[in-house]
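*Asks:* If it helps, the file is called structure_26.txt and holds compact mmCIF, C-alpha atoms and all ligand atoms:
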# COMPACT_ATOMS: atom_id res chain seq x y z
CA MET A 1 -26.66 6.52 -25.64
CA THR A 2 -26.10 4.19 -22.78
CA LYS A 3 -24.63 1.48 -24.99
CA GLN A 4 -21.10 2.64 -24.28
CA SER A 5 -19.41 0.84 -21.47
CA PRO A 6 -19.38 2.73 -18.23
CA GLY A 7 -15.61 2.71 -18.38
CA THR A 8 -15.78 5.09 -21.32
CA ALA A 9 -14.62 8.44 -20.11
CA CYS A 10 -16.84 11.44 -19.68
CA ASP A 11 -20.22 10.23 -20.88
CA ASP A 12 -23.05 12.42 -19.66
CA GLY A 13 -25.55 9.57 -19.96
CA ILE A 14 -23.46 7.44 -17.62
CA ALA A 15 -23.26 10.31 -15.15
CA GLN A 16 -27.06 10.50 -15.17
CA LEU A 17 -27.47 6.77 -14.71
CA TYR A 18 -24.95 6.74 -11.89
CA ALA A 19 -26.68 9.65 -10.17
CA GLU A 20 -30.02 7.84 -10.20
CA GLY A 21 -28.53 4.54 -9.12
CA GLY A 22 -29.05 2.94 -12.53
CA LEU A 23 -25.64 1.27 -12.90
CA THR A 24 -24.99 -2.30 -11.79
CA GLY A 25 -22.49 -2.88 -8.99
CA ALA A 26 -19.59 -3.60 -11.33
CA GLU A 27 -20.43 -0.72 -13.64
CA ALA A 28 -20.68 1.63 -10.70
CA LEU A 29 -17.30 0.51 -9.37
CA LEU A 30 -15.67 1.13 -12.74
CA TYR A 31 -17.26 4.51 -13.02
CA GLU A 32 -16.28 5.47 -9.50
CA ARG A 33 -12.69 4.75 -10.47
CA HIS A 34 -13.09 7.16 -13.33
CA LEU A 35 -14.62 9.73 -10.99
CA THR A 36 -11.52 9.75 -8.80
CA VAL A 37 -9.53 11.18 -11.69
CA CYS A 38 -12.13 13.24 -13.58
CA THR A 39 -13.35 16.57 -12.21
CA ALA A 40 -15.79 17.13 -15.07
CA CYS A 41 -17.67 13.90 -14.37
CA ARG A 42 -17.62 14.52 -10.63
CA ARG A 43 -19.21 17.88 -11.26
CA ALA A 44 -21.76 16.32 -13.62
CA VAL A 45 -22.72 13.64 -11.10
CA ALA A 46 -23.09 16.21 -8.32
CA GLY A 47 -25.22 18.39 -10.61
CA TYR A 48 -27.51 15.50 -11.53
CA LYS A 49 -27.87 14.34 -7.95
CA GLU A 50 -28.92 17.82 -6.95
CA LEU A 51 -31.27 18.13 -9.92
CA PHE A 52 -32.98 14.80 -9.21
CA TRP A 53 -33.37 15.67 -5.57
CA ASP A 54 -34.93 19.01 -6.45
CA LEU A 55 -37.25 17.45 -9.02
CA GLY A 56 -38.63 15.05 -6.47
CA ARG A 57 -38.99 17.42 -3.57
CA PRO A 58 -42.44 18.60 -2.52
CA GLY A 59 -41.55 22.31 -2.60
CA TYR A 60 -41.15 22.18 -6.33
CA ARG A 61 -44.55 20.53 -6.70
CA SER A 62 -46.52 23.04 -4.73
CA GLU A 63 -47.86 25.33 -7.36
CA PRO A 64 -50.80 27.26 -5.98
CA VAL A 65 -54.08 25.47 -6.51
CA PRO A 66 -56.50 27.68 -8.41
CA ASP A 67 -59.91 28.51 -6.97
CA GLU A 68 -61.57 27.21 -10.12
CA LEU A 69 -61.02 23.68 -8.86
CA GLN A 70 -63.93 24.34 -6.54
CA ARG A 71 -66.29 25.14 -9.39
CA ILE A 72 -65.09 22.01 -11.14
CA SER A 73 -65.87 19.93 -8.03
CA ASP A 74 -69.36 21.35 -7.96
CA ASP A 75 -69.92 20.55 -11.64
CA LEU A 76 -68.56 17.08 -11.16
CA MET A 77 -70.81 16.40 -8.16
CA ALA A 78 -73.77 17.45 -10.30
CA ARG A 79 -72.60 15.19 -13.13
CA TRP A 80 -72.23 12.37 -10.65
CA ASP A 81 -75.80 12.82 -9.43
CA GLU A 82 -77.02 12.78 -13.04
CA ALA A 83 -75.05 9.65 -13.83
CA VAL A 84 -76.44 7.84 -10.80
CA ALA A 85 -79.98 9.02 -11.53
CA ASP A 86 -79.75 8.01 -15.20
CA ASN A 87 -78.49 4.68 -14.14
CA ALA A 88 -81.35 4.14 -11.73
CA GLU A 89 -83.79 4.77 -14.57
CA GLY A 90 -81.98 2.81 -17.24
CA GLY A 91 -80.79 -0.09 -15.11
CA GLY A 92 -77.27 0.87 -16.14
CA ALA A 93 -73.78 0.90 -14.80
CA PHE A 94 -74.18 1.45 -11.06
CA SER A 95 -75.53 -2.01 -10.80
CA LEU A 96 -75.08 -2.81 -7.16
CA VAL A 97 -77.83 -0.66 -5.72
CA PRO A 98 -79.55 0.93 -8.69
CA ALA A 99 -82.45 2.17 -6.60
CA LEU A 100 -80.27 4.49 -4.56
CA ALA A 101 -80.37 7.45 -6.87
CA GLY A 102 -80.42 11.11 -6.01
CA VAL A 103 -81.73 12.35 -2.69
CA ARG A 104 -83.34 9.11 -1.66
CA GLY A 105 -80.06 7.34 -2.29
CA VAL A 106 -78.27 9.74 -0.01
CA ALA A 107 -80.82 9.22 2.74
CA ARG A 108 -80.37 5.47 2.55
CA GLY A 109 -76.62 5.90 2.46
CA LEU A 110 -76.64 7.95 5.63
CA GLN A 111 -78.56 5.26 7.47
CA LEU A 112 -75.82 2.81 6.66
CA ILE A 113 -73.34 4.78 8.72
CA PRO A 114 -73.73 4.42 12.47
CA GLY A 115 -73.30 7.41 14.75
CA VAL A 116 -72.46 10.77 13.30
CA SER A 117 -73.96 11.46 9.91
CA ALA A 118 -71.64 11.09 6.99
CA ALA A 119 -72.20 14.68 6.03
CA GLY A 120 -71.22 16.03 9.41
CA ARG A 121 -68.18 13.81 9.53
CA LEU A 122 -67.09 14.84 6.09
CA ALA A 123 -67.43 18.51 6.96
CA LEU A 124 -65.49 18.06 10.17
CA GLU A 125 -62.75 16.13 8.56
CA THR A 126 -62.52 18.54 5.68
CA ALA A 127 -62.21 21.52 7.97
CA ARG A 128 -59.33 19.82 9.73
CA ARG A 129 -57.23 18.55 6.91
CA THR A 130 -57.98 19.83 3.46
CA PRO A 131 -56.86 22.90 1.55
CA LYS A 132 -59.54 25.53 1.20
CA ALA A 133 -59.85 25.16 -2.53
CA VAL A 134 -61.30 21.71 -2.18
CA LEU A 135 -62.87 22.28 1.17
CA SER A 136 -66.38 23.15 0.26
CA VAL A 137 -67.18 19.98 -1.70
CA ALA A 138 -67.94 18.28 1.56
CA SER A 139 -69.54 21.24 3.25
CA ARG A 140 -71.70 21.78 0.21
CA LEU A 141 -72.60 18.14 0.28
CA ALA A 142 -73.34 18.42 3.98
CA ARG A 143 -75.62 21.33 3.32
CA ARG A 144 -77.37 19.51 0.55
CA ILE A 145 -77.91 16.18 2.16
CA GLY A 146 -78.03 17.22 5.81
CA PRO A 147 -81.27 19.03 6.57
CA GLY A 148 -82.31 18.78 2.92
CA VAL A 149 -82.99 15.09 3.10
CA ARG A 150 -85.60 15.31 5.80
CA GLY A 151 -87.05 18.51 4.39
CA ARG A 152 -87.73 16.94 1.07
CA ARG A 153 -89.26 13.77 2.34
CA MET B 1 -61.58 9.38 9.50
CA ASP B 2 -59.52 8.29 6.52
CA TRP B 3 -61.31 6.40 3.85
CA THR B 4 -59.41 3.69 2.09
CA ASP B 5 -59.51 3.46 -1.68
CA SER B 6 -61.68 0.37 -1.36
CA GLU B 7 -64.20 2.21 0.79
CA VAL B 8 -64.27 5.09 -1.66
CA VAL B 9 -64.82 2.76 -4.61
CA ALA B 10 -67.44 0.73 -2.75
CA ALA B 11 -69.37 3.87 -1.77
CA CYS B 12 -69.22 5.18 -5.34
CA ARG B 13 -70.45 1.90 -6.73
CA ARG B 14 -73.40 2.06 -4.41
CA GLY B 15 -74.17 5.43 -5.94
CA ARG B 16 -73.42 7.30 -2.73
CA PRO B 17 -72.44 10.92 -3.33
CA GLU B 18 -70.24 11.06 -0.25
CA GLY B 19 -68.13 8.37 -1.88
CA PHE B 20 -67.57 10.50 -4.93
CA ALA B 21 -67.04 13.59 -2.74
CA GLN B 22 -64.29 11.67 -0.94
CA LEU B 23 -62.74 10.69 -4.22
CA LEU B 24 -62.60 14.35 -5.23
CA LEU B 25 -61.26 15.41 -1.85
CA ARG B 26 -58.51 12.86 -1.99
CA TYR B 27 -57.51 13.07 -5.60
CA GLN B 28 -58.73 16.16 -7.40
CA GLU B 29 -55.86 18.34 -6.29
CA ARG B 30 -53.36 15.61 -7.00
CA VAL B 31 -54.70 15.13 -10.51
CA TYR B 32 -54.58 18.89 -11.07
CA ARG B 33 -50.98 19.09 -9.88
CA ARG B 34 -49.93 16.22 -12.08
CA ALA B 35 -51.72 17.73 -15.10
CA TYR B 36 -50.09 21.05 -14.37
CA SER B 37 -46.65 19.52 -14.19
CA PHE B 38 -47.24 17.85 -17.56
CA LEU B 39 -48.83 20.80 -19.33
CA HIS B 40 -47.49 23.86 -17.50
CA SER B 41 -50.66 25.73 -18.19
CA ARG B 42 -53.21 26.52 -15.53
CA GLU B 43 -56.16 26.63 -17.93
CA GLU B 44 -55.22 23.42 -19.69
CA ALA B 45 -54.62 21.67 -16.38
CA LEU B 46 -57.99 22.74 -15.00
CA ASP B 47 -59.76 21.63 -18.13
CA LEU B 48 -57.94 18.35 -18.08
CA THR B 49 -58.76 17.74 -14.42
CA GLN B 50 -62.43 17.99 -15.29
CA ASP B 51 -61.98 15.57 -18.20
CA VAL B 52 -60.23 13.06 -15.98
CA PHE B 53 -63.07 12.93 -13.48
CA LEU B 54 -65.73 12.78 -16.17
CA ARG B 55 -63.95 9.64 -17.41
CA VAL B 56 -63.87 8.42 -13.84
CA ILE B 57 -67.63 8.82 -13.47
CA GLU B 58 -68.10 6.74 -16.60
CA ALA B 59 -65.62 4.05 -15.70
CA LEU B 60 -65.99 3.72 -11.93
CA PRO B 61 -68.80 1.18 -12.05
CA ARG B 62 -66.42 -1.20 -13.80
CA PHE B 63 -63.45 -0.41 -11.53
CA GLU B 64 -62.45 -3.38 -9.41
CA GLU B 65 -62.77 -2.87 -5.69
CA GLY B 66 -59.47 -3.44 -3.96
CA ARG B 67 -57.36 -1.94 -6.70
CA PRO B 68 -55.52 1.24 -5.68
CA LEU B 69 -56.98 4.36 -7.26
CA TRP B 70 -53.92 6.51 -7.87
CA PRO B 71 -52.20 4.36 -10.54
CA TRP B 72 -55.50 4.27 -12.41
CA LEU B 73 -56.05 8.02 -12.08
CA ARG B 74 -52.45 8.65 -13.06
CA ARG B 75 -52.88 6.57 -16.19
CA ILE B 76 -56.03 8.44 -17.20
CA THR B 77 -54.34 11.77 -16.45
CA THR B 78 -51.22 10.86 -18.39
CA ASN B 79 -53.15 9.54 -21.38
CA LEU B 80 -55.38 12.57 -21.62
CA CYS B 81 -52.37 14.88 -21.29
CA LEU B 82 -50.52 13.01 -24.02
CA ASN B 83 -53.56 13.18 -26.33
CA ARG B 84 -53.69 16.88 -25.75
CA LEU B 85 -49.99 17.39 -26.36
CA ARG B 86 -50.03 15.25 -29.49
CA SER B 87 -53.06 17.01 -30.94
CA ASN B 88 -51.39 20.38 -30.47
CA PRO B 89 -49.11 20.94 -33.48
CA THR B 90 -47.21 23.75 -31.77
CA LEU B 91 -46.18 21.54 -28.92
CA VAL B 92 -45.27 18.55 -31.05
CA SER B 93 -43.16 20.62 -33.41
CA LEU B 94 -41.24 21.81 -30.38
CA ASP B 95 -40.33 18.20 -29.74
CA GLU B 96 -39.18 17.76 -33.29
CA ALA B 97 -37.19 20.96 -33.29
CA PHE B 98 -35.52 19.77 -30.16
CA ALA B 99 -34.70 16.37 -31.60
CA SER B 100 -33.25 17.78 -34.81
CA GLY B 101 -31.38 20.61 -33.12
CA ASP B 102 -27.70 20.75 -32.43
CA GLY B 103 -28.11 18.02 -29.86
CA SER B 104 -26.71 20.06 -27.04
CA GLY B 105 -30.19 20.47 -25.64
CA ALA B 106 -29.19 23.75 -24.05
CA VAL B 107 -32.05 26.10 -23.41
CA THR B 108 -31.24 29.78 -23.42
CA ARG B 109 -32.43 32.26 -20.85
CA ALA B 110 -34.63 33.84 -23.50
CA ASP B 111 -36.34 30.47 -24.08
CA LEU B 112 -36.95 30.16 -20.41
CA LEU B 113 -38.43 33.61 -20.06
CA ALA B 114 -40.65 33.07 -23.09
CA ALA B 115 -41.92 29.78 -21.75
CA GLY B 116 -42.23 30.90 -18.18
CA THR B 117 -45.38 33.01 -18.30
CA ASP B 118 -47.43 30.60 -16.32
CA VAL B 119 -44.68 29.98 -13.90
CA ALA B 120 -44.52 33.40 -12.31
CA GLU B 121 -47.35 32.45 -9.97
CA SER B 122 -45.08 30.63 -7.58
CA ALA B 123 -46.24 31.18 -4.05
CA LEU B 124 -42.90 30.08 -2.74
CA GLY B 125 -40.74 32.90 -3.95
CA ASN B 126 -38.09 30.22 -4.06
CA VAL B 127 -35.49 31.33 -6.56
CA PHE B 128 -34.13 27.92 -7.31
CA GLY B 129 -37.62 26.43 -7.54
CA ASP B 130 -38.59 29.14 -9.97
CA ASP B 131 -35.56 28.48 -12.12
CA LEU B 132 -36.32 24.79 -12.15
CA ARG B 133 -39.95 25.38 -12.97
CA ARG B 134 -39.04 27.70 -15.83
CA ALA B 135 -36.55 25.19 -17.15
CA MET B 136 -39.21 22.46 -16.96
CA ALA B 137 -41.72 24.67 -18.76
CA ALA B 138 -39.20 25.19 -21.56
CA LEU B 139 -38.69 21.47 -22.16
CA PRO B 140 -40.37 19.79 -25.10
CA PRO B 141 -43.64 18.56 -23.62
CA LEU B 142 -43.07 14.84 -24.11
CA HIS B 143 -39.63 15.12 -22.53
CA ARG B 144 -41.23 16.92 -19.61
CA VAL B 145 -43.84 14.18 -19.19
CA ALA B 146 -41.06 11.58 -19.05
CA VAL B 147 -39.14 13.59 -16.43
CA VAL B 148 -42.22 14.03 -14.25
CA LEU B 149 -43.05 10.33 -14.41
CA ARG B 150 -39.47 9.40 -13.57
CA HIS B 151 -38.73 11.89 -10.81
CA GLN B 152 -42.07 12.75 -9.30
CA GLU B 153 -43.87 9.45 -9.77
CA ASP B 154 -40.73 7.31 -9.37
CA LEU B 155 -41.68 5.07 -12.28
CA SER B 156 -39.13 2.81 -13.94
CA TYR B 157 -38.04 3.47 -17.53
CA GLU B 158 -40.07 0.42 -18.59
CA ASP B 159 -43.21 1.65 -16.85
CA ILE B 160 -42.81 5.08 -18.45
CA ALA B 161 -42.43 3.49 -21.88
CA ARG B 162 -45.58 1.47 -21.32
CA LEU B 163 -47.55 4.43 -19.99
CA MET B 164 -46.46 6.77 -22.79
CA ASP B 165 -46.75 4.00 -25.39
CA LEU B 166 -43.28 4.69 -26.74
CA PRO B 167 -40.22 2.46 -27.24
CA LEU B 168 -37.88 2.16 -24.27
CA GLY B 169 -35.06 3.67 -26.32
CA THR B 170 -37.13 6.77 -27.00
CA ILE B 171 -37.80 7.23 -23.30
CA LYS B 172 -34.09 6.90 -22.55
CA THR B 173 -33.31 9.52 -25.17
CA TYR B 174 -36.00 11.89 -23.88
CA LEU B 175 -34.79 11.57 -20.31
CA PHE B 176 -31.14 11.93 -21.24
CA ARG B 177 -31.71 15.08 -23.27
CA ALA B 178 -34.21 16.62 -20.91
CA ARG B 179 -32.07 16.15 -17.84
CA ARG B 180 -28.93 17.40 -19.54
CA SER B 181 -30.86 20.43 -20.67
CA LEU B 182 -32.23 21.05 -17.18
CA ARG B 183 -28.81 20.80 -15.61
CA GLN B 184 -27.30 23.15 -18.18
CA SER B 185 -30.13 25.64 -17.80
CA LEU B 186 -29.82 25.67 -14.05
CA ALA B 187 -26.05 25.98 -14.17
CA ALA B 188 -26.46 28.92 -16.57
CA SER B 189 -29.00 30.67 -14.39
CA TRP B 190 -26.81 30.23 -11.35
CA GLU B 191 -23.91 31.86 -13.13
CA GLY B 192 -26.26 34.68 -14.09
ZN ZN A 201 -15.02 12.07 -17.00
Give the structure from this file in structure tokens form.
Ligand SMILES: [Zn+2]
*Replies:*
Amino acid sequence: MTKQSPGTACDDGIAQLYAEGGLTGAEALLYERHLTVCTACRRAVAGYKELFWDLGRPGYRSEPVPDELQRISDDLMARWDEAVADNAEGGGAFSLVPALAGVRGVARGLQLIPGVSAAGRLALETARRTPKAVLSVASRLARRIGPGVRGRR
Amino acid sequence: MDWTDSEVVAACRRGRPEGFAQLLLRYQERVYRRAYSFLHSREEALDLTQDVFLRVIEALPRFEEGRPLWPWLRRITTNLCLNRLRSNPTLVSLDEAFASGDGSGAVTRADLLAAGTDVAESALGNVFGDDLRRAMAALPPLHRVAVVLRHQEDLSYEDIARLMDLPLGTIKTYLFRARRSLRQSLAASWEG
């Protein structure tokens, strides 16, 4: 539909391309000349510019995030632990440090981070900057690997 | 402290759960939102979000450190959404009906209301946003995917064609029709 030359009057496809900056310099100049004499195309271009702006704006994107995402995070963390544990047994995909599976892996991981424990830092950071639906991944993790690590050893 | 993608990937590859927790913190909501904007169904989007990260768990060990995560996650999300849309005969036939229709692409208010069940949850109470969301929900799903990739992900026509595995001409047609339809729907709802 964009095969017509931009000089062709009143083509909705051209109006769209113009509104998203998709015409070359010469094409745009030609079309702008048409716009000076054509109310319909001016209205179309204005409508598309407004539409494209609205489509890209964050307000339109912010559907509420459902609470179920939290349950999904929990399931996924469990699946992650399983995958890492399976790997440690089977010598599989997580090849870099296969011995770091499960709780022992977490304990070793914590030692790699100087200062504040990773769990505490995660929880702090989460409290500051993340929406509540996702928030408790880190706090749950903190609970699990914080005191739990020493307790189980 | 902000983790970089590389740090997240490195931690995950060392099997560290806080790495994967970071990955979820950073991207789970984003993946959900993208899935929702493709599918316009809360249940489907939730289900799909889970699928995406299950794939991620499988594939992460082979993911190159240093590559940015979002384009990869977006590709997985888009592919899984497209599979879902294509395997759903109701949704695909909507596309066909649209393509073989009168070509005006106009969506009536009744269409919008029928399609808008999932849309009423808007926390914004923003009238224009609601109209736009309803109009998006009423689009044929593949047209909607193309619009989201173009206007929310800022991808080029060529990148969209590659991602959706469709000819460039098809993408142009989808975008042209979808955007004309959106503009007409919004103009109609403004006039009442
Ligand atoms: Zn004109």
*Asks:* Within 7 Å of chain A, which residues of chain B are there when counting all atoms listed in the file? Please give them as a list in words.
*Replies:*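 Output check: Met1, Arg13, Arg14, Gly15, Arg16, Pro17, Ala21, Leu25, Leu46, Gln50, Ile57, Pro61, Ser122, Ala123, Gly129, His151, Gln152, Phe176 and Arg183 of chain B.
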*Asks:* For ligand ZN 201 (chain A), which residue out of A:Thr24, A:Glu89, A:Thr39, A:Ala46 is the nearest one, using all atoms listed in the file?
*Replies:*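 When distances to ligand ZN 201 (chain A) are compared using all atoms listed in the file, the smallest one comes from A:Thr39.
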*Asks:* All residues within 7 Å of ligand ZN 201 (chain A) are required, counting only C-alpha atoms and all ligand atoms; please report them as a ChimeraX atom specification.
*Replies:* /A:9-11,34-35,38-41
*Asks:* Store the residues of this selection in a file with C-alpha atoms, as an mmCIF file, keeping the file's coordinate frame.
*Replies:*
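See result-v5.cif below for the written result:
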data_model
loop_
_atom_site.group_PDB
_atom_site.id
_atom_site.type_symbol
_atom_site.label_atom_id
_atom_site.label_comp_id
_atom_site.auth_asym_id
_atom_site.auth_seq_id
_atom_site.Cartn_x
_atom_site.Cartn_y
_atom_site.Cartn_z
ATOM 1 C CA ALA A 9 -14.620 8.440 -20.110
ATOM 2 C CA CYS A 10 -16.840 11.440 -19.680
ATOM 3 C CA ASP A 11 -20.220 10.230 -20.880
ATOM 4 C CA HIS A 34 -13.090 7.160 -13.330
ATOM 5 C CA LEU A 35 -14.620 9.730 -10.990
ATOM 6 C CA CYS A 38 -12.130 13.240 -13.580
ATOM 7 C CA THR A 39 -13.350 16.570 -12.210
ATOM 8 C CA ALA A 40 -15.790 17.130 -15.070
ATOM 9 C CA CYS A 41 -17.670 13.900 -14.370
#
*Asks:* Nearest to B:Glu65 among B:Thr4, B:Phe20, B:Thr78, B:Val52, with distances taken over all atoms listed in the file: which residue is it?
*Replies:*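 Closest residue, counting all atoms listed in the file: B:Thr4.
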*Asks:* In Å, with one decimal, what is the gap from atom CA of B:Asp131 to atom CA of B:Leu168?
*Replies:*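 Computing it gives 29.1 Å between the two atoms.
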*Asks:* Between atom CA of B:Leu23 and atom CA of B:Glu153, what is the distance, to one decimal in Å?
*Replies:* 19.7 Å
*Asks:* Could you check which of B:Leu54, B:Leu182, B:Val9, B:Ala187 is closest to B:Arg134, using all atoms listed in the file?
*Replies:*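 Of all the options, B:Leu182 lies closest to B:Arg134.
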*Asks:* What gap, in Å, lies between atom CA of A:Arg71 and atom CA of B:Asn83?
*Replies:*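 Interatomic distance, atom CA of A:Arg71 to atom CA of B:Asn83: 24.3 Å.
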*Asks:* Given the point (-38.9, 7.3, -24.6) in the coordinates of this file, which residues lie within 10 Å, counting all atoms listed in the file, and how would they look as number ranges by chain?
*Replies:* B: 142-143, 146, 157-158, 160-162, 164-176
*Asks:* Excluding B:Glu43 and residues on its chain fewer than 4 positions from it, collect all residues at most 10 Å away from it, counting only C-alpha atoms, and give them as JSON, numbers by chain.
*Replies:* {"A": [66, 68], "B": [36, 39, 47, 48, 49, 118]}
*Asks:* Would you compute, for all listed atoms of stretch 11-20 of chain A, the axis-aligned bounding box grown by 6 Å on each side, and then report its centre and edge lengths in Å rounded to one decimal, as JSON?
*Replies:*
{"center_x": -25.1, "center_y": 9.6, "center_z": -15.5, "size_x": 21.8, "size_y": 17.7, "size_z": 22.7}
